Amino acid sequence: MEKNTQNRQIDPNLGKDSEKILREALTGLGAKGLVLHPWEETFTINDKKVFPFMEICEEYQVPVLVESGYPWLAHCFQVANLAEKFPKLRFIMAHGGQFDSSGYAMTDVDFVMDTHDNLYIETSGYFSDEGIENTPKRLGNDRILFGSHFPWLNVELEKYRVERAHISNYQKEAIFYKNAKKILGL
């Protein structure tokens, strides 16, 4: 089995070739999850062409991080639709499930998080302190993970946003590393 996946990507538009790359990454390289970026690869996150990749992730029991918040491609409702089809998988919605600094999508994110136990959020670019503070209170400490979105966002600022949040040190530790360790099986 070829183990060099350099210059190869996992893109649902590429079908079987990408499925093979994902299997090789999970079995030969020790990958612990899948990252999908619907905006970059131009696909809708809940399109049927994504399903074979979800089946592979389900088989290997690894989480799926979705660059979410992009209208028509990866809005939190579309991620939730995929989560309904694959209830055994854990889906992590990047950027607090939204990429909208107006806060308009916060209500949508709250709704899908309330109705789908297999949805998680990560903190990078999450414009609102409310989300970082309210998620542990509303949904428990284990559904939010730290994210930096390096190199595009400032790691120190992303870290500071969690540090200054009005939550307990235990909750901060859960966000910074404990939740990721659990989800990744480390």
# chains A, B, ... in the order shown; residues from 1 in each chain; ligands from 1
>>> residues_around(residues="stretch 153-163 of chain A", least_positions_apart="5", cutoff="7 Å", atoms="only C-alpha atoms", output="JSON, numbers by chain")
{"A": [124, 132, 148, 172]}
>>> write_last_selection(atoms="N, CA and C atoms", output="compact mmCIF listing (two decimals), in the first residue's frame")
# COMPACT_ATOMS: atom_id res chain seq x y z
N SER A 124 -12.27 28.54 16.96
CA SER A 124 -11.54 29.50 16.12
C SER A 124 -12.48 30.42 15.36
N ILE A 132 -18.63 30.84 23.59
CA ILE A 132 -17.62 30.14 24.38
C ILE A 132 -18.11 29.96 25.82
N SER A 148 -7.49 27.02 16.66
CA SER A 148 -6.75 28.25 16.38
C SER A 148 -6.88 28.70 14.93
N LYS A 172 -12.28 25.42 31.03
CA LYS A 172 -11.22 25.88 30.12
C LYS A 172 -10.30 24.72 29.74
>>> residues_around(residues="stretch 73-76 of chain A", least_positions_apart="5", cutoff="10 Å", atoms="only C-alpha atoms", output="JSON, numbers by chain")
{"A": [36, 37, 38, 39, 42, 43, 44, 45, 46, 47, 66, 67, 68, 81, 82, 93, 94, 96, 97, 98, 99, 105, 106, 108, 109, 110, 111, 112, 113, 119]}
>>> select_by_dssp(residues="chain A", states="helix (DSSP H, G or I)", output="VMD selection string")
chain A and resid 12 to 14 16 to 28 38 to 41 48 to 60 76 to 85 94 to 97 106 to 115 129 to 139 141 to 143 155 to 163 169 to 184
>>> closest_residue(among="A:Ala83, A:Leu184, A:Ala25, A:Ala31", to="A:Phe51", atoms="only C-alpha atoms")
A:Ala83
>>> residues_around(residues="stretch 140-145 of chain A", least_positions_apart="4", cutoff="8 Å", atoms="only C-alpha atoms", output="PyMOL selection string")
chain A and resi 119-123+132+135-136+171+174-177+179-180
>>> select_by_dssp(residues="stretch 11-173 of chain A", states="strand (DSSP E or B)", output="ChimeraX atom specification")
/A:34-36,64-66,91-93,119-122,144-145
>>> closest_residue(among="A:Leu22, A:Ile167, A:Leu14, A:Val50", to="A:Leu34", atoms="only C-alpha atoms")
A:Leu22
>>> atom_distance(atom1="atom CA of A:Tyr70", atom2="atom CA of A:Asp114")
20.4 Å
>>> closest_residue(among="A:Thr27, A:Ser18, A:Gln9, A:Asn118", to="A:Pro63", atoms="only C-alpha atoms")
A:Asn118
>>> decode(residues="stretch 48-170 of chain A", atoms="C-alpha atoms", output="short mmCIF file (atom, residue, chain, number, x, y, z; two decimals), in the first residue's frame")
data_model
loop_
_atom_site.label_atom_id
_atom_site.label_comp_id
_atom_site.auth_asym_id
_atom_site.auth_seq_id
_atom_site.Cartn_x
_atom_site.Cartn_y
_atom_site.Cartn_z
CA LYS A 48 -24.48 12.07 -1.34
CA LYS A 49 -20.93 12.11 -2.70
CA VAL A 50 -19.77 12.79 0.89
CA PHE A 51 -21.47 9.64 2.23
CA PRO A 52 -18.70 7.13 1.31
CA PHE A 53 -16.23 9.24 3.30
CA MET A 54 -18.59 9.26 6.28
CA GLU A 55 -18.91 5.49 6.04
CA ILE A 56 -15.12 5.17 6.17
CA CYS A 57 -14.93 7.51 9.17
CA GLU A 58 -17.68 5.53 10.85
CA GLU A 59 -15.79 2.28 10.19
CA TYR A 60 -12.62 3.70 11.81
CA GLN A 61 -14.55 5.62 14.48
CA VAL A 62 -12.88 8.95 13.75
CA PRO A 63 -14.45 12.41 13.93
CA VAL A 64 -15.11 14.75 11.03
CA LEU A 65 -14.20 18.43 11.28
CA VAL A 66 -16.23 20.55 8.88
CA GLU A 67 -15.20 24.06 7.89
CA SER A 68 -18.71 25.27 8.55
CA GLY A 69 -20.72 28.42 8.27
CA TYR A 70 -20.55 28.82 4.51
CA PRO A 71 -24.04 29.50 3.12
CA TRP A 72 -25.32 26.91 0.66
CA LEU A 73 -22.30 24.65 1.25
CA ALA A 74 -21.80 24.10 4.97
CA HIS A 75 -24.40 26.01 6.97
CA CYS A 76 -24.96 24.41 10.37
CA PHE A 77 -28.34 23.05 9.20
CA GLN A 78 -26.57 21.20 6.38
CA VAL A 79 -24.00 19.80 8.82
CA ALA A 80 -26.87 18.76 11.11
CA ASN A 81 -28.54 17.01 8.18
CA LEU A 82 -25.36 14.99 7.62
CA ALA A 83 -25.14 14.29 11.37
CA GLU A 84 -28.67 12.86 11.24
CA LYS A 85 -27.67 10.48 8.45
CA PHE A 86 -24.59 9.33 10.39
CA PRO A 87 -25.59 9.40 14.07
CA LYS A 88 -22.60 7.29 15.19
CA LEU A 89 -20.13 9.88 13.88
CA ARG A 90 -18.97 12.95 15.75
CA PHE A 91 -19.00 16.14 13.69
CA ILE A 92 -17.02 19.17 14.79
CA MET A 93 -18.23 22.43 13.28
CA ALA A 94 -15.34 24.85 12.86
CA HIS A 95 -15.72 28.51 13.85
CA GLY A 96 -18.50 27.89 16.33
CA GLY A 97 -20.63 26.50 13.52
CA GLN A 98 -20.79 29.84 11.77
CA PHE A 99 -18.59 32.16 9.80
CA ASP A 100 -20.75 35.20 10.22
CA SER A 101 -19.60 38.03 12.45
CA SER A 102 -23.12 39.46 12.60
CA GLY A 103 -24.18 36.69 14.98
CA TYR A 104 -27.19 35.93 12.81
CA ALA A 105 -26.39 32.20 12.69
CA MET A 106 -25.95 31.81 16.47
CA THR A 107 -29.61 30.92 16.89
CA ASP A 108 -29.29 28.29 14.16
CA VAL A 109 -26.19 26.83 15.79
CA ASP A 110 -27.92 26.71 19.18
CA PHE A 111 -30.87 24.89 17.62
CA VAL A 112 -28.79 22.21 15.87
CA MET A 113 -26.57 21.72 18.91
CA ASP A 114 -29.68 21.23 21.07
CA THR A 115 -31.14 18.65 18.70
CA HIS A 116 -28.01 16.68 17.66
CA ASP A 117 -25.83 15.10 20.34
CA ASN A 118 -23.17 14.16 17.80
CA LEU A 119 -22.42 17.80 16.92
CA TYR A 120 -19.53 19.68 18.51
CA ILE A 121 -18.08 23.12 17.89
CA GLU A 122 -14.57 24.48 17.90
CA THR A 123 -13.68 28.01 18.91
CA SER A 124 -11.54 29.50 16.12
CA GLY A 125 -12.97 32.68 14.74
CA TYR A 126 -15.98 32.35 17.02
CA PHE A 127 -16.63 36.05 17.22
CA SER A 128 -18.79 35.89 20.32
CA ASP A 129 -17.70 35.40 23.90
CA GLU A 130 -21.28 34.29 24.52
CA GLY A 131 -20.76 31.11 22.52
CA ILE A 132 -17.62 30.14 24.38
CA GLU A 133 -19.29 30.87 27.71
CA ASN A 134 -22.77 29.51 27.01
CA THR A 135 -21.96 26.23 25.27
CA PRO A 136 -20.55 24.54 28.40
CA LYS A 137 -23.45 25.90 30.47
CA ARG A 138 -26.16 24.83 28.04
CA LEU A 139 -24.77 21.59 26.63
CA GLY A 140 -22.12 20.42 29.05
CA ASN A 141 -18.37 20.75 29.03
CA ASP A 142 -17.63 18.13 26.39
CA ARG A 143 -19.14 19.65 23.19
CA ILE A 144 -16.70 22.52 22.59
CA LEU A 145 -13.04 22.30 21.54
CA PHE A 146 -10.29 24.86 21.18
CA GLY A 147 -9.28 25.73 17.65
CA SER A 148 -6.75 28.25 16.38
CA HIS A 149 -7.25 28.06 12.59
CA PHE A 150 -3.50 28.62 12.27
CA PRO A 151 -1.96 30.11 10.15
CA TRP A 152 -4.95 32.24 9.12
CA LEU A 153 -5.94 33.42 12.60
CA ASN A 154 -3.79 34.62 15.48
CA VAL A 155 -3.18 31.72 17.88
CA GLU A 156 -2.50 33.97 20.86
CA LEU A 157 -5.76 35.84 20.33
CA GLU A 158 -7.73 32.60 19.95
CA LYS A 159 -6.16 31.30 23.16
CA TYR A 160 -6.86 34.57 24.99
CA ARG A 161 -10.54 34.46 24.05
CA VAL A 162 -10.94 31.17 25.93
CA GLU A 163 -8.72 32.27 28.82
CA ARG A 164 -10.78 35.44 29.43
CA ALA A 165 -14.14 33.65 29.19
CA HIS A 166 -16.23 33.63 32.36
CA ILE A 167 -16.10 29.86 32.86
CA SER A 168 -14.32 27.64 35.38
CA ASN A 169 -10.74 26.48 35.00
CA TYR A 170 -12.08 22.94 34.61
#
